[in-house]
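**Student:** Here's a structure for you.
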Amino acid sequence: MGATYDFDTVVDRRGTWCVQWDGVADRFGVDGLLPFTISDMDWSGEGDGVVVHTPTYDGFRKAITGLGRELRGVPVGDEEALERELARADAKVLVLCSPHNPTGRVWTADELARTAALAERHGVAVISDEIHADFVHEEYAGRGHVPWTRVAGAGRWALISSGSKAFNFPALTGSYGLIGDPADRAAYVRRMETGEGLASPAVLSLTAHIAAYREGAGWLDAVRAYVAGNLGYVAERLGEAFPELGWAPPQAGYLAWIDLRPLGVDDAALQRVLVEREGVAIMGGAVYGAPGFVRLNVGCPREKVELGVAALIRAVEGLVASPAGD
């Protein structure tokens, strides 16, 4: 008989230096909220364009602009806009999130092959962040994950990933990368050693990755099924409360990316009600460049998901009835 895992028990991590719990006031201005927030080889120079799909994971936005590059956003699925941006003379890098965060989109093999061809045609390097690859819900996506290595051509590319999302050990701060060109690979290692002072990975992270990938398949299958159930629950509750949203679970990940624009709810009012009245911390879409959306993390016990969804529904219903939130 296979092992069983307890994903239902709610663990109170306040006071343990867990950023999701102890850092909640930094993002929402109030402590004690129930959190639902929480995942360079010199291919470009300052002022160069770095292309990303929008909405955009805020970590990408901060890294790109913080390094003095110009962020160029293209809507997910808009290949004409993607080609226009890649064709610009100062476009140097495409940061591809695959599967996409925050929408949970799983790119098809054909989409990725076309992207690879466009990047190669215009001389744009590709950095494929595949940290959510182990969390594809094939029951929702109808397909599996396609790694960049399967479509990469002669252009410059790097595939970056980590076990930290799938196996929940981000505090160990480990990741790994595949870099297509040997010279680029050597340059990256030199940069890490001389510019960043990183000569070797953290031993705890290395050990955790080896253990997870060797022994963790059963646990990962179980937690993925549990999260898929949580996403199905969110779809059921939102379908009952707001059928006009037509919300469906994402193809990958544990983030419910919810478009509330059809309901005409004001973002600031919604955040105020969620924080001050409902006592929950749910990220607004504006953080990712998409006002009118919210991002609910359901990678947690079902009881917590139920509380969060109920609070969100109450808050939205109240604002639909009284837009000012009074």
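Letters A, B, ... go to the chains of the structure tokens in the order shown; residues in each chain start at 1; ligands are counted from 1 in the same order.
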Pick out the residues sitting within 6 Å of Val124 (chain A), and hand them over as a list in words; count only C-alpha atoms, and ignore anything fewer than 2 positions along from it in its own chain.

**Tutor:**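 Listed by chain and then number, they are Lys92, Val93, Ala119 and His122 of chain A.
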
**Student:** Any chance you could export the current selection's C-alpha atoms as a PDB file, in the first residue's frame?

**Tutor:**
ATOM      1  CA  LYS A  92      18.453  41.251 -26.225  1.00  0.00           C
ATOM      2  CA  VAL A  93      16.735  38.719 -23.948  1.00  0.00           C
ATOM      3  CA  ALA A 119      14.207  34.440 -30.943  1.00  0.00           C
ATOM      4  CA  HIS A 122      16.143  38.156 -34.290  1.00  0.00           C
TER       5      HIS A 122
END

**Student:** Can you list, as a ChimeraX atom specification, every residue of region 180-254 of chain A that DSSP puts in helix (DSSP H, G or I)?

**Tutor:** /A:182-195,203-215,217-241,243-245

**Student:** Those same residues, written as a short mmCIF file (atom, residue, chain, number, x, y, z; two decimals), in the first residue's frame with C-alpha atoms?

**Tutor:**
data_model
loop_
_atom_site.label_atom_id
_atom_site.label_comp_id
_atom_site.auth_asym_id
_atom_site.auth_seq_id
_atom_site.Cartn_x
_atom_site.Cartn_y
_atom_site.Cartn_z
CA PRO A 182 29.76 25.99 -23.62
CA ALA A 183 31.35 29.45 -23.73
CA ASP A 184 28.25 31.02 -22.16
CA ARG A 185 28.26 28.29 -19.53
CA ALA A 186 31.89 28.96 -18.62
CA ALA A 187 31.26 32.72 -18.52
CA TYR A 188 28.32 32.22 -16.19
CA VAL A 189 30.38 30.10 -13.79
CA ARG A 190 33.16 32.70 -13.80
CA ARG A 191 30.63 35.45 -13.12
CA MET A 192 29.19 33.53 -10.18
CA GLU A 193 32.63 32.86 -8.73
CA THR A 194 34.21 36.28 -9.24
CA GLY A 195 31.30 38.70 -9.32
CA VAL A 203 25.04 21.59 0.72
CA LEU A 204 21.57 21.50 2.31
CA SER A 205 19.98 22.63 -0.94
CA LEU A 206 21.97 20.10 -2.94
CA THR A 207 20.99 17.30 -0.56
CA ALA A 208 17.33 18.36 -0.61
CA HIS A 209 17.22 18.38 -4.42
CA ILE A 210 18.81 14.93 -4.66
CA ALA A 211 16.42 13.50 -2.07
CA ALA A 212 13.37 15.14 -3.64
CA TYR A 213 14.08 13.99 -7.18
CA ARG A 214 15.13 10.49 -6.13
CA GLU A 215 12.54 9.75 -3.46
CA ALA A 217 7.69 11.20 -6.65
CA GLY A 218 4.96 9.69 -4.48
CA TRP A 219 4.69 12.79 -2.33
CA LEU A 220 4.67 15.07 -5.37
CA ASP A 221 1.91 13.08 -7.07
CA ALA A 222 -0.14 13.27 -3.88
CA VAL A 223 0.33 16.99 -3.29
CA ARG A 224 -0.35 17.78 -6.94
CA ALA A 225 -3.64 15.88 -6.74
CA TYR A 226 -4.49 17.68 -3.50
CA VAL A 227 -3.82 21.09 -5.05
CA ALA A 228 -5.85 20.15 -8.13
CA GLY A 229 -8.71 19.38 -5.75
CA ASN A 230 -8.29 22.77 -4.11
CA LEU A 231 -8.40 24.47 -7.51
CA GLY A 232 -11.52 22.50 -8.38
CA TYR A 233 -13.10 23.68 -5.13
CA VAL A 234 -12.30 27.32 -5.97
CA ALA A 235 -13.86 26.86 -9.42
CA GLU A 236 -17.00 25.37 -7.86
CA ARG A 237 -17.43 28.16 -5.30
CA LEU A 238 -16.73 30.96 -7.78
CA GLY A 239 -19.07 29.34 -10.28
CA GLU A 240 -21.85 29.37 -7.70
CA ALA A 241 -21.21 32.95 -6.54
CA PRO A 243 -21.06 32.45 -12.82
CA GLU A 244 -20.38 35.39 -15.13
CA LEU A 245 -16.65 35.03 -14.41
#

**Student:** Can you pull out every residue within 6 Å of region 52-54 of chain A, counting only C-alpha atoms, but drop anything in the same chain fewer than 4 positions away, and send it as JSON, numbers by chain?

**Tutor:** {"A": [73, 74, 75, 76, 95]}
